[in-house]
$ cat upload-v6.txt   # compact mmCIF, C-alpha atoms
# COMPACT_ATOMS: atom_id res chain seq x y z
CA MET A 169 34.93 -8.78 -23.54
CA GLY A 170 37.58 -6.99 -21.46
CA PHE A 171 37.80 -7.00 -17.65
CA LEU A 172 36.43 -3.48 -17.28
CA THR A 173 33.49 -4.15 -19.57
CA ARG A 174 32.58 -7.35 -17.67
CA SER A 175 32.96 -5.53 -14.36
CA THR A 176 30.75 -2.73 -15.61
CA ALA A 177 28.06 -5.20 -16.70
CA ILE A 178 28.16 -7.02 -13.34
CA LEU A 179 27.97 -3.76 -11.35
CA THR A 180 25.10 -2.49 -13.47
CA ALA A 181 23.15 -5.75 -13.10
CA ALA A 182 23.75 -5.82 -9.33
CA ALA A 183 22.64 -2.20 -8.91
CA LEU A 184 19.50 -2.72 -10.97
CA GLY A 185 18.69 -5.91 -9.05
CA ALA A 186 19.03 -4.09 -5.72
CA ALA A 187 16.86 -1.23 -6.97
CA LEU A 188 14.12 -3.59 -8.13
CA ALA A 189 14.22 -5.55 -4.86
CA ALA A 190 13.67 -2.30 -2.96
CA CYS A 191 10.54 -1.72 -5.06
CA ALA A 192 9.02 -5.16 -4.43
CA SER A 193 6.63 -4.17 -1.66
CA PRO A 194 4.69 -0.96 -1.15
CA PRO A 195 4.89 0.84 2.18
CA ARG A 196 2.71 -0.75 4.83
CA ALA A 197 0.36 1.38 6.91
CA PRO A 198 0.52 0.66 10.66
CA TYR A 199 -2.67 -0.70 12.24
CA GLN A 200 -3.45 1.51 15.19
CA PRO A 201 -6.15 3.79 16.59
CA ALA A 202 -6.05 7.31 15.19
CA ALA A 203 -4.72 10.06 17.45
CA GLN A 204 -4.34 13.82 17.04
CA SER A 205 -1.34 13.70 14.71
CA GLN A 206 -1.22 9.98 14.05
CA PRO A 207 -3.11 8.20 11.26
CA GLY A 208 -5.09 5.07 12.04
CA TYR A 209 -8.64 3.81 12.52
CA SER A 210 -11.66 5.47 14.07
CA GLU A 211 -15.29 4.48 14.33
CA MET A 212 -18.64 5.92 15.26
CA ARG A 213 -21.59 3.79 16.30
CA ILE A 214 -24.72 4.89 14.44
CA GLU A 215 -27.17 2.22 15.66
CA SER A 216 -26.79 -0.96 17.74
CA ASN A 217 -25.48 -2.88 14.72
CA ARG A 218 -24.34 -0.06 12.40
CA TRP A 219 -20.98 1.78 12.39
CA ARG A 220 -19.08 4.27 10.35
CA VAL A 221 -15.48 2.99 10.23
CA SER A 222 -12.59 5.04 8.84
CA TYR A 223 -8.94 4.33 8.28
CA GLN A 224 -6.50 7.08 7.36
CA ALA A 225 -2.96 6.22 6.23
CA ALA A 226 -0.03 8.59 5.91
CA GLY A 227 1.28 8.72 2.37
CA ASP A 228 -0.26 6.39 -0.16
CA PRO A 229 0.24 2.70 0.61
CA GLY A 230 -2.47 1.96 -2.00
CA LEU A 231 -6.23 1.76 -1.93
CA ALA A 232 -6.33 -2.00 -1.28
CA ALA A 233 -4.11 -1.68 1.82
CA VAL A 234 -6.10 1.19 3.35
CA GLU A 235 -9.43 -0.48 2.56
CA GLY A 236 -8.17 -3.74 4.06
CA LEU A 237 -7.38 -1.97 7.33
CA ALA A 238 -10.86 -0.41 7.43
CA LEU A 239 -12.39 -3.86 6.81
CA ARG A 240 -10.24 -5.29 9.62
CA ARG A 241 -11.61 -2.73 12.08
CA ALA A 242 -15.19 -3.43 10.88
CA ALA A 243 -14.61 -7.15 11.50
CA GLU A 244 -13.29 -6.48 15.02
CA LEU A 245 -16.33 -4.33 15.87
CA THR A 246 -18.66 -6.99 14.46
CA LEU A 247 -17.20 -9.69 16.70
CA GLN A 248 -17.10 -7.36 19.75
CA ASN A 249 -20.82 -6.79 19.18
CA GLY A 250 -21.44 -10.58 19.26
CA ASP A 251 -22.18 -10.76 15.53
CA ASP A 252 -20.72 -12.99 12.81
CA TRP A 253 -20.87 -11.01 9.56
CA PHE A 254 -21.13 -7.47 8.26
CA ILE A 255 -22.30 -5.76 5.09
CA VAL A 256 -20.61 -2.69 3.65
CA ALA A 257 -23.59 -0.39 3.04
CA SER A 258 -21.47 2.46 1.65
CA ARG A 259 -17.82 3.18 0.88
CA ARG A 260 -15.96 6.47 0.38
CA THR A 261 -12.32 7.21 -0.37
CA ASP A 262 -10.68 10.55 0.31
CA PRO A 263 -9.25 11.92 -1.86
CA PRO A 264 -11.30 9.95 -4.38
CA TYR A 265 -9.47 7.27 -6.33
CA PRO A 266 -10.43 7.55 -10.00
CA ALA A 267 -11.24 4.17 -11.50
CA ASP A 268 -8.33 4.43 -13.92
CA GLN A 269 -5.74 5.73 -11.40
CA ARG A 270 -2.54 3.73 -11.19
CA ARG A 271 0.09 4.11 -8.50
CA ALA A 272 3.24 5.75 -9.77
CA ALA A 273 5.76 3.00 -10.46
CA PRO A 274 9.29 3.42 -9.14
CA ARG A 275 11.59 4.75 -11.80
CA VAL A 276 15.06 3.30 -12.34
CA SER A 277 17.61 4.95 -14.56
CA GLY A 278 21.21 4.22 -15.22
CA GLY A 279 24.13 5.10 -17.35
CA VAL A 280 27.48 3.71 -18.31
CA GLY A 281 30.33 5.81 -19.61
CA GLN A 282 33.74 4.95 -20.92
CA THR A 283 36.61 7.30 -21.70
CA TRP A 284 39.92 6.81 -23.47
CA GLY A 285 42.95 8.96 -22.92
CA SER A 286 46.39 9.23 -24.36
CA GLY A 287 48.89 6.54 -23.55
CA GLY A 288 46.31 3.74 -23.68
CA TYR A 289 44.54 4.68 -20.42
CA SER A 290 40.79 4.21 -20.21
CA GLY A 291 38.12 4.61 -17.57
CA THR A 292 34.64 3.29 -17.03
CA SER A 293 31.88 4.72 -14.84
CA VAL A 294 28.48 3.38 -13.86
CA GLY A 295 25.56 5.36 -12.41
CA VAL A 296 22.20 4.13 -11.21
CA GLY A 297 19.30 6.25 -9.96
CA VAL A 298 16.06 5.13 -8.36
CA ALA A 299 13.05 7.41 -7.76
CA PHE A 300 10.11 6.31 -5.60
CA GLY A 301 6.58 7.72 -5.46
CA SER A 302 5.08 10.46 -7.51
CA SER A 303 6.32 13.91 -8.26
CA GLY A 304 3.26 15.52 -6.68
CA PRO A 305 2.76 16.55 -3.06
CA ALA A 306 2.41 13.91 -0.33
CA VAL A 307 -1.22 12.95 0.31
CA ASN A 308 -2.91 11.07 3.12
CA ARG A 309 -5.46 8.49 2.00
CA SER A 310 -8.55 7.46 3.91
CA VAL A 311 -11.35 4.97 3.41
CA THR A 312 -14.67 5.29 5.23
CA LEU A 313 -17.09 2.37 5.37
CA GLU A 314 -20.60 2.30 6.73
CA VAL A 315 -21.22 -1.26 7.90
CA VAL A 316 -24.18 -3.18 9.26
CA SER A 317 -23.52 -6.36 11.27
CA GLY A 318 -25.61 -9.42 12.01
CA ALA A 319 -25.50 -12.88 13.57
CA GLY A 320 -25.98 -16.30 12.03
CA GLU A 321 -25.46 -17.23 8.42
CA ARG A 322 -23.88 -14.54 6.27
CA PRO A 323 -26.23 -13.12 3.61
CA ASP A 324 -25.44 -14.23 0.08
CA ARG A 325 -24.88 -10.82 -1.51
CA ASP A 326 -22.15 -8.49 -2.67
CA GLY A 327 -20.50 -6.52 0.11
CA ALA A 328 -21.20 -9.14 2.81
CA TYR A 329 -18.17 -10.36 4.79
CA ASP A 330 -17.59 -13.08 7.37
CA ALA A 331 -15.86 -11.21 10.23
CA ARG A 332 -13.62 -14.11 11.32
CA SER A 333 -12.49 -14.72 7.77
CA VAL A 334 -11.62 -11.04 7.28
CA LEU A 335 -9.47 -11.07 10.44
CA GLU A 336 -7.79 -14.26 9.32
CA HIS A 337 -6.81 -12.63 6.00
CA GLN A 338 -6.09 -9.11 7.30
CA GLY A 339 -3.73 -10.14 10.08
CA GLY A 340 -6.07 -9.72 13.05
$ encode --input "upload-v6.txt" --output "structure tokens"
Amino acid sequence: MGFLTRSTAILTAAALGAALAACASPPRAPYQPAAQSQPGYSEMRIESNRWRVSYQAAGDPGLAAVEGLALRRAAELTLQNGDDWFIVASRRTDPPYPADQRRAAPRVSGGVGQTWGSGGYSGTSVGVGVAFGSSGPAVNRSVTLEVVSGAGERPDRDGAYDARSVLEHQGG
């Protein structure tokens, strides 16, 4: 293997490694209250122990991330109310996430070219391209939860969360 061919292989591997490292983590939505032009959380108290909690994220950091931030706010409200647990009574995503939807994976492409000229001269070129996101328009994602909180032992049922445990796992 000649020097230029080895160099080309090393450059290509390094470029692909850097591109894949950049793709390792999805964008993270900031945790903050919503404002006029700023995404974030909002809530509305419906009853003494019932809230509608929403989190809107700019772009699409993924359903799990946005839902986690809405759960974090629900846990904070639960503890502020003097309760220990909450139940998610209903959940809505906007725009809706189809059950089979997958986030668009980053695309990496590359090419290697080699030319030979007269007099024994040759040249090698390497190109790498990385595309992030989808080809469609940018979309804001939101999750709205209706939650009911309570004190004491957490009910043993689906959709019931221990507020302190949620904060421990969601960075609160």
$ residues_around --input "upload-v6.txt" --residues "stretch 234-246 of chain A" --least-positions-apart "2" --cutoff "9 Å" --atoms "only C-alpha atoms" --output "tab-separated table (two decimals) with C-alpha atoms, in the coordinates of the input"
chain	number	residue	atom	x	y	z
A	197	ALA	CA	0.36	1.38	6.91
A	198	PRO	CA	0.52	0.66	10.66
A	199	TYR	CA	-2.67	-0.70	12.24
A	208	GLY	CA	-5.09	5.07	12.04
A	209	TYR	CA	-8.64	3.81	12.52
A	210	SER	CA	-11.66	5.47	14.07
A	211	GLU	CA	-15.29	4.48	14.33
A	217	ASN	CA	-25.48	-2.88	14.72
A	219	TRP	CA	-20.98	1.78	12.39
A	220	ARG	CA	-19.08	4.27	10.35
A	221	VAL	CA	-15.48	2.99	10.23
A	222	SER	CA	-12.59	5.04	8.84
A	223	TYR	CA	-8.94	4.33	8.28
A	224	GLN	CA	-6.50	7.08	7.36
A	225	ALA	CA	-2.96	6.22	6.23
A	228	ASP	CA	-0.26	6.39	-0.16
A	229	PRO	CA	0.24	2.70	0.61
A	230	GLY	CA	-2.47	1.96	-2.00
A	231	LEU	CA	-6.23	1.76	-1.93
A	232	ALA	CA	-6.33	-2.00	-1.28
A	248	GLN	CA	-17.10	-7.36	19.75
A	249	ASN	CA	-20.82	-6.79	19.18
A	250	GLY	CA	-21.44	-10.58	19.26
A	251	ASP	CA	-22.18	-10.76	15.53
A	252	ASP	CA	-20.72	-12.99	12.81
A	253	TRP	CA	-20.87	-11.01	9.56
A	254	PHE	CA	-21.13	-7.47	8.26
A	256	VAL	CA	-20.61	-2.69	3.65
A	261	THR	CA	-12.32	7.21	-0.37
A	309	ARG	CA	-5.46	8.49	2.00
A	310	SER	CA	-8.55	7.46	3.91
A	311	VAL	CA	-11.35	4.97	3.41
A	312	THR	CA	-14.67	5.29	5.23
A	313	LEU	CA	-17.09	2.37	5.37
A	314	GLU	CA	-20.60	2.30	6.73
A	315	VAL	CA	-21.22	-1.26	7.90
A	316	VAL	CA	-24.18	-3.18	9.26
A	317	SER	CA	-23.52	-6.36	11.27
A	318	GLY	CA	-25.61	-9.42	12.01
A	329	TYR	CA	-18.17	-10.36	4.79
A	330	ASP	CA	-17.59	-13.08	7.37
A	331	ALA	CA	-15.86	-11.21	10.23
A	332	ARG	CA	-13.62	-14.11	11.32
A	333	SER	CA	-12.49	-14.72	7.77
A	334	VAL	CA	-11.62	-11.04	7.28
A	335	LEU	CA	-9.47	-11.07	10.44
A	337	HIS	CA	-6.81	-12.63	6.00
A	338	GLN	CA	-6.09	-9.11	7.30
A	339	GLY	CA	-3.73	-10.14	10.08
A	340	GLY	CA	-6.07	-9.72	13.05
$ closest_residue --input "upload-v6.txt" --among "A:Pro201, A:Ala233, A:Ala257, A:Ile214" --to "A:Gly327" --atoms "all atoms listed in the file"
A:Ala257
$ atom_distance --input "upload-v6.txt" --atom1 "atom CA of A:Glu215" --atom2 "atom CA of A:Ala319"
15.3 Å
$ closest_residue --input "upload-v6.txt" --among "A:Asp262, A:Glu336, A:Ala226, A:Arg218" --to "A:Ser205" --atoms "all atoms listed in the file"
A:Ala226
$ atom_distance --input "upload-v6.txt" --atom1 "atom CA of A:Leu247" --atom2 "atom CA of A:Arg322"
13.3 Å
$ atom_distance --input "upload-v6.txt" --atom1 "atom CA of A:Met212" --atom2 "atom CA of A:Ile255"
15.9 Å
$ decode --input "upload-v6.txt" --residues "stretch 239-257 of chain A" --atoms "N, CA and C atoms" --output "compact mmCIF listing (two decimals), in the first residue's frame"
# COMPACT_ATOMS: atom_id res chain seq x y z
N LEU A 239 -42.66 15.44 32.57
CA LEU A 239 -42.74 14.66 33.81
C LEU A 239 -41.98 15.36 34.94
N ARG A 240 -40.84 15.96 34.61
CA ARG A 240 -40.06 16.69 35.62
C ARG A 240 -40.90 17.82 36.23
N ARG A 241 -41.57 18.59 35.36
CA ARG A 241 -42.39 19.69 35.88
C ARG A 241 -43.55 19.14 36.72
N ALA A 242 -44.16 18.04 36.31
CA ALA A 242 -45.24 17.43 37.08
C ALA A 242 -44.73 17.00 38.46
N ALA A 243 -43.52 16.46 38.52
CA ALA A 243 -42.94 16.05 39.80
C ALA A 243 -42.69 17.26 40.70
N GLU A 244 -42.19 18.35 40.12
CA GLU A 244 -41.96 19.57 40.91
C GLU A 244 -43.27 20.09 41.50
N LEU A 245 -44.32 20.15 40.68
CA LEU A 245 -45.62 20.63 41.16
C LEU A 245 -46.19 19.73 42.25
N THR A 246 -45.99 18.42 42.09
CA THR A 246 -46.46 17.45 43.08
C THR A 246 -45.82 17.73 44.44
N LEU A 247 -44.51 17.90 44.45
CA LEU A 247 -43.80 18.16 45.72
C LEU A 247 -44.15 19.52 46.28
N GLN A 248 -44.31 20.54 45.42
CA GLN A 248 -44.70 21.88 45.89
C GLN A 248 -46.08 21.85 46.54
N ASN A 249 -46.92 20.92 46.11
CA ASN A 249 -48.27 20.77 46.66
C ASN A 249 -48.28 19.93 47.95
N GLY A 250 -47.10 19.43 48.36
CA GLY A 250 -47.01 18.62 49.57
C GLY A 250 -47.34 17.16 49.34
N ASP A 251 -47.40 16.74 48.08
CA ASP A 251 -47.72 15.35 47.75
C ASP A 251 -46.45 14.56 47.44
N ASP A 252 -46.62 13.24 47.28
CA ASP A 252 -45.48 12.34 47.07
C ASP A 252 -45.45 11.71 45.69
N TRP A 253 -46.60 11.51 45.08
CA TRP A 253 -46.68 10.78 43.81
C TRP A 253 -47.69 11.47 42.89
N PHE A 254 -47.64 11.11 41.63
CA PHE A 254 -48.65 11.60 40.69
C PHE A 254 -48.96 10.51 39.67
N ILE A 255 -50.14 10.61 39.11
CA ILE A 255 -50.61 9.69 38.08
C ILE A 255 -50.84 10.51 36.82
N VAL A 256 -50.36 10.01 35.68
CA VAL A 256 -50.64 10.65 34.41
C VAL A 256 -52.00 10.13 33.95
N ALA A 257 -53.02 11.02 34.02
CA ALA A 257 -54.38 10.64 33.65
C ALA A 257 -54.56 10.67 32.13
